[in-house]
$ cat coords_0.txt   # compact mmCIF, C-alpha atoms
# COMPACT_ATOMS: atom_id res chain seq x y z
CA MET V 27 110.00 104.31 103.66
CA THR V 28 111.80 101.04 102.97
CA THR V 29 111.33 99.01 99.80
CA THR V 30 109.43 96.35 101.74
CA GLN V 31 107.05 98.92 103.25
CA GLU V 32 106.50 100.52 99.86
CA GLN V 33 105.76 97.15 98.24
CA LYS V 34 103.32 96.18 101.04
CA ASN V 35 101.43 99.42 100.41
CA ILE V 36 101.29 98.76 96.67
CA PHE V 37 100.26 95.11 97.09
CA TRP V 38 97.43 95.64 99.60
CA LYS V 39 96.01 98.68 97.80
CA MET V 40 96.00 96.66 94.58
CA PHE V 41 94.31 93.80 96.46
CA ASP V 42 91.55 96.16 97.61
CA GLU V 43 91.11 97.47 94.05
CA ILE V 44 90.80 93.94 92.66
CA LEU V 45 88.20 93.04 95.31
CA VAL V 46 86.11 95.98 94.13
CA GLU V 47 86.69 95.22 90.41
CA LYS V 48 85.65 91.59 90.87
CA ASN V 49 82.75 92.50 93.17
CA GLU V 50 84.08 90.11 95.80
CA ASN V 51 81.98 89.40 98.87
CA PHE V 52 84.80 89.57 101.44
CA LYS V 53 87.00 92.33 102.83
CA ILE V 54 90.53 92.39 104.19
CA SER V 55 92.12 94.27 107.11
CA TYR V 56 95.86 94.96 106.91
CA VAL V 57 96.41 98.08 109.02
CA HIS V 58 97.70 97.40 112.54
CA LYS V 59 95.16 98.97 114.89
CA ILE V 60 97.67 100.15 117.51
CA LYS V 61 100.64 101.12 115.34
CA ASN V 62 98.43 102.39 112.50
CA GLU V 63 100.77 100.96 109.87
CA ILE V 64 100.31 98.59 106.96
CA THR V 65 101.35 95.07 107.89
CA SER V 66 102.67 92.19 105.81
CA TYR V 67 99.51 90.23 106.64
CA ALA V 68 95.79 90.77 106.23
CA ALA V 69 92.79 89.18 107.87
CA VAL V 70 89.72 88.22 105.87
CA ASN V 71 86.43 89.50 107.35
CA ARG V 72 88.10 90.31 110.63
CA LYS V 73 89.03 93.67 112.09
CA GLN V 74 92.55 92.42 112.81
CA SER V 75 94.31 89.06 112.92
CA PHE V 76 96.99 89.90 115.50
CA ASN V 77 97.02 87.06 118.08
CA ALA V 78 93.62 85.74 116.99
CA ASN V 79 92.31 82.87 114.92
CA ALA V 80 91.95 84.20 111.39
CA LEU V 81 91.87 83.49 107.71
CA ASP V 82 95.23 85.13 107.14
CA LEU V 83 96.80 86.40 103.93
CA SER V 84 100.53 87.07 104.10
CA PHE V 85 102.61 89.08 101.64
CA LEU V 86 106.09 87.63 102.15
CA PHE V 87 107.99 90.13 100.01
CA ARG V 88 111.55 88.93 100.61
CA GLU V 89 110.60 85.31 99.88
CA GLY V 90 108.48 86.21 96.85
CA LEU V 91 105.53 84.30 98.32
CA PHE V 92 101.91 85.06 99.04
CA ARG V 93 100.41 82.75 101.67
CA VAL V 94 96.72 81.98 102.19
CA ASN V 95 96.22 80.21 105.50
CA LEU V 96 94.11 79.56 108.52
CA TYR V 97 95.99 80.91 111.52
CA ILE V 98 94.74 78.92 114.51
CA THR V 99 95.90 79.54 118.07
CA LYS V 100 93.10 78.22 120.28
CA GLN V 101 93.74 74.58 121.20
CA PRO V 102 90.16 73.26 120.93
CA LEU V 103 90.02 74.61 117.37
CA VAL V 104 93.53 73.27 116.60
CA ARG V 105 92.34 69.78 117.62
CA LYS V 106 89.11 70.11 115.61
CA ILE V 107 91.00 71.19 112.46
CA ASN V 108 93.67 68.50 112.90
CA LEU V 109 90.97 65.83 113.14
CA ALA V 110 89.43 67.09 109.89
CA LYS V 111 92.66 67.32 107.83
CA GLU V 112 91.55 64.81 105.21
CA GLU V 113 88.21 66.52 104.62
CA ILE V 114 89.82 69.98 104.61
CA ASN V 115 92.38 68.81 102.05
CA SER V 116 89.47 67.72 99.84
CA MET V 117 87.75 71.14 100.20
CA VAL V 118 90.74 73.04 98.77
CA SER V 119 91.67 72.53 95.11
CA VAL V 120 95.43 72.99 95.60
CA PRO V 121 97.72 71.13 98.03
CA ILE V 122 97.75 72.43 101.59
CA VAL V 123 100.99 72.63 103.59
CA TRP V 124 100.21 71.86 107.22
CA ASP V 125 102.59 74.17 109.09
CA ASN V 126 102.95 74.16 112.85
CA GLY V 127 104.26 77.39 114.35
CA LYS V 128 104.89 78.61 117.87
CA GLY V 129 101.61 77.71 119.55
CA CYS V 130 99.63 77.71 116.32
CA LEU V 131 98.50 75.54 113.45
CA ARG V 132 98.71 77.05 109.98
CA PRO V 133 97.24 75.07 107.06
CA SER V 134 98.65 77.08 104.15
CA VAL V 135 98.77 77.45 100.39
CA TYR V 136 101.66 79.37 98.83
CA PHE V 137 101.73 81.36 95.59
CA SER V 138 105.02 82.59 94.11
CA PHE V 139 105.43 86.10 92.72
CA VAL V 140 108.21 88.26 91.34
CA PRO V 141 109.06 90.99 93.88
CA LYS V 142 108.54 94.56 92.64
CA ASP V 143 106.59 93.32 89.58
CA ILE V 144 103.19 95.04 89.78
CA ASP V 145 101.75 92.91 86.96
CA ASP V 146 102.79 89.77 88.82
CA TYR V 147 101.17 91.08 92.01
CA ARG V 148 97.90 91.33 90.09
CA ARG V 149 98.36 87.81 88.70
CA VAL V 150 99.00 86.25 92.12
CA ILE V 151 96.09 88.11 93.75
CA GLU V 152 93.68 86.99 91.03
CA GLU V 153 95.08 83.45 91.08
CA SER V 154 94.63 83.21 94.84
CA LEU V 155 90.96 84.27 94.94
CA THR V 156 89.61 80.75 94.37
CA THR V 157 91.76 79.41 97.20
CA ILE V 158 90.67 82.25 99.49
CA HIS V 159 87.03 81.36 98.82
CA GLU V 160 87.76 77.70 99.54
CA PHE V 161 89.42 78.65 102.85
CA ILE V 162 86.40 80.84 103.69
CA ASP V 163 84.22 77.73 103.20
CA VAL V 164 86.54 75.70 105.46
CA ALA V 165 86.52 78.42 108.14
CA ASN V 166 82.73 78.72 107.97
CA LYS V 167 82.31 74.97 108.35
CA TYR V 168 84.74 74.48 111.24
CA GLY V 169 84.39 77.68 113.24
CA LYS V 170 82.83 80.71 111.57
CA ASP V 171 82.68 82.72 114.79
CA ASP V 172 86.27 81.75 115.61
CA PHE V 173 87.63 83.14 112.33
CA PHE V 174 85.42 86.09 111.38
CA ASP V 175 84.03 89.05 113.30
CA PHE V 176 82.18 90.77 110.44

$ encode --input "coords_0.txt" --output "structure tokens"
Amino acid sequence: MTTTQEQKNIFWKMFDEILVEKNENFKISYVHKIKNEITSYAAVNRKQSFNANALDLSFLFREGLFRVNLYITKQPLVRKINLAKEEINSMVSVPIVWDNGKGCLRPSVYFSFVPKDIDDYRRVIEESLTTIHEFIDVANKYGKDDFFDF
């Protein structure tokens, strides 16, 4: 197992533990359904985010960043979200970076962490929870059924 794979395992298992500790009302999915391996990303209240609109959480180990974002691929929803940028910015308490990827829109918030520092993983997970809840509110307002499947 590589260092990156090992750290993904540690991070997502810790994330699950914190969700239980804090009695959070959302769940995350981070195991690839076909490959049956832990991914660098997780979907909130969705069985899997691969190639689907999702509230996506990304553990970017090499960059030392944790990203909370809406991953939007369907064009009608991209247009709807783009038209609501100002309101969405006001719904999230930290600045949003409006990234455009290959065929997707990705309004994102980034949190820095120290790679391989378990205590810092805990800090960044706990720090990100408010933003995750704010993004859940955004997703519910602009396309609940597009983002969540449970």

$ closest_residue --input "coords_0.txt" --among "V:Trp124, V:Leu91, V:Asp171, V:Val70" --to "V:Asn51" --atoms "only C-alpha atoms"
V:Val70

$ residues_around --input "coords_0.txt" --residues "V:Leu86" --least-positions-apart "4" --cutoff "10 Å" --atoms "only C-alpha atoms" --output "ChimeraX atom specification"
/V:30,34,66-67,90-93,136,138-139,141

$ closest_residue --input "coords_0.txt" --among "V:Glu113, V:Asp175, V:Glu89, V:Glu47" --to "V:Phe137" --atoms "only C-alpha atoms"
V:Glu89

$ closest_residue --input "coords_0.txt" --among "V:Phe161, V:Tyr147, V:Tyr168, V:Phe176" --to "V:Arg105" --atoms "only C-alpha atoms"
V:Tyr168

$ closest_residue --input "coords_0.txt" --among "V:Asn79, V:Thr99, V:Asn62, V:Ser84" --to "V:Ala165" --atoms "all atoms listed in the file"
V:Asn79

$ closest_residue --input "coords_0.txt" --among "V:Leu109, V:Leu81, V:Val123, V:Ile144" --to "V:Asn166" --atoms "all atoms listed in the file"
V:Leu81

$ atom_distance --input "coords_0.txt" --atom1 "atom CA of V:Phe41" --atom2 "atom CA of V:Arg72"
15.9 Å

$ atom_distance --input "coords_0.txt" --atom1 "atom CA of V:Val120" --atom2 "atom CA of V:Ile64"
28.4 Å

$ closest_residue --input "coords_0.txt" --among "V:Thr157, V:Asn77, V:Ser134, V:Gln101" --to "V:Val118" --atoms "all atoms listed in the file"
V:Thr157

$ atom_distance --input "coords_0.txt" --atom1 "atom CA of V:Phe52" --atom2 "atom CA of V:Met40"
14.9 Å

$ residues_near_point --input "coords_0.txt" --point "(99.1, 75.1, 105.3)" --cutoff "8 Å" --atoms "all atoms listed in the file" --output "VMD selection string"
chain V and resid 94 to 96 122 to 125 132 to 135
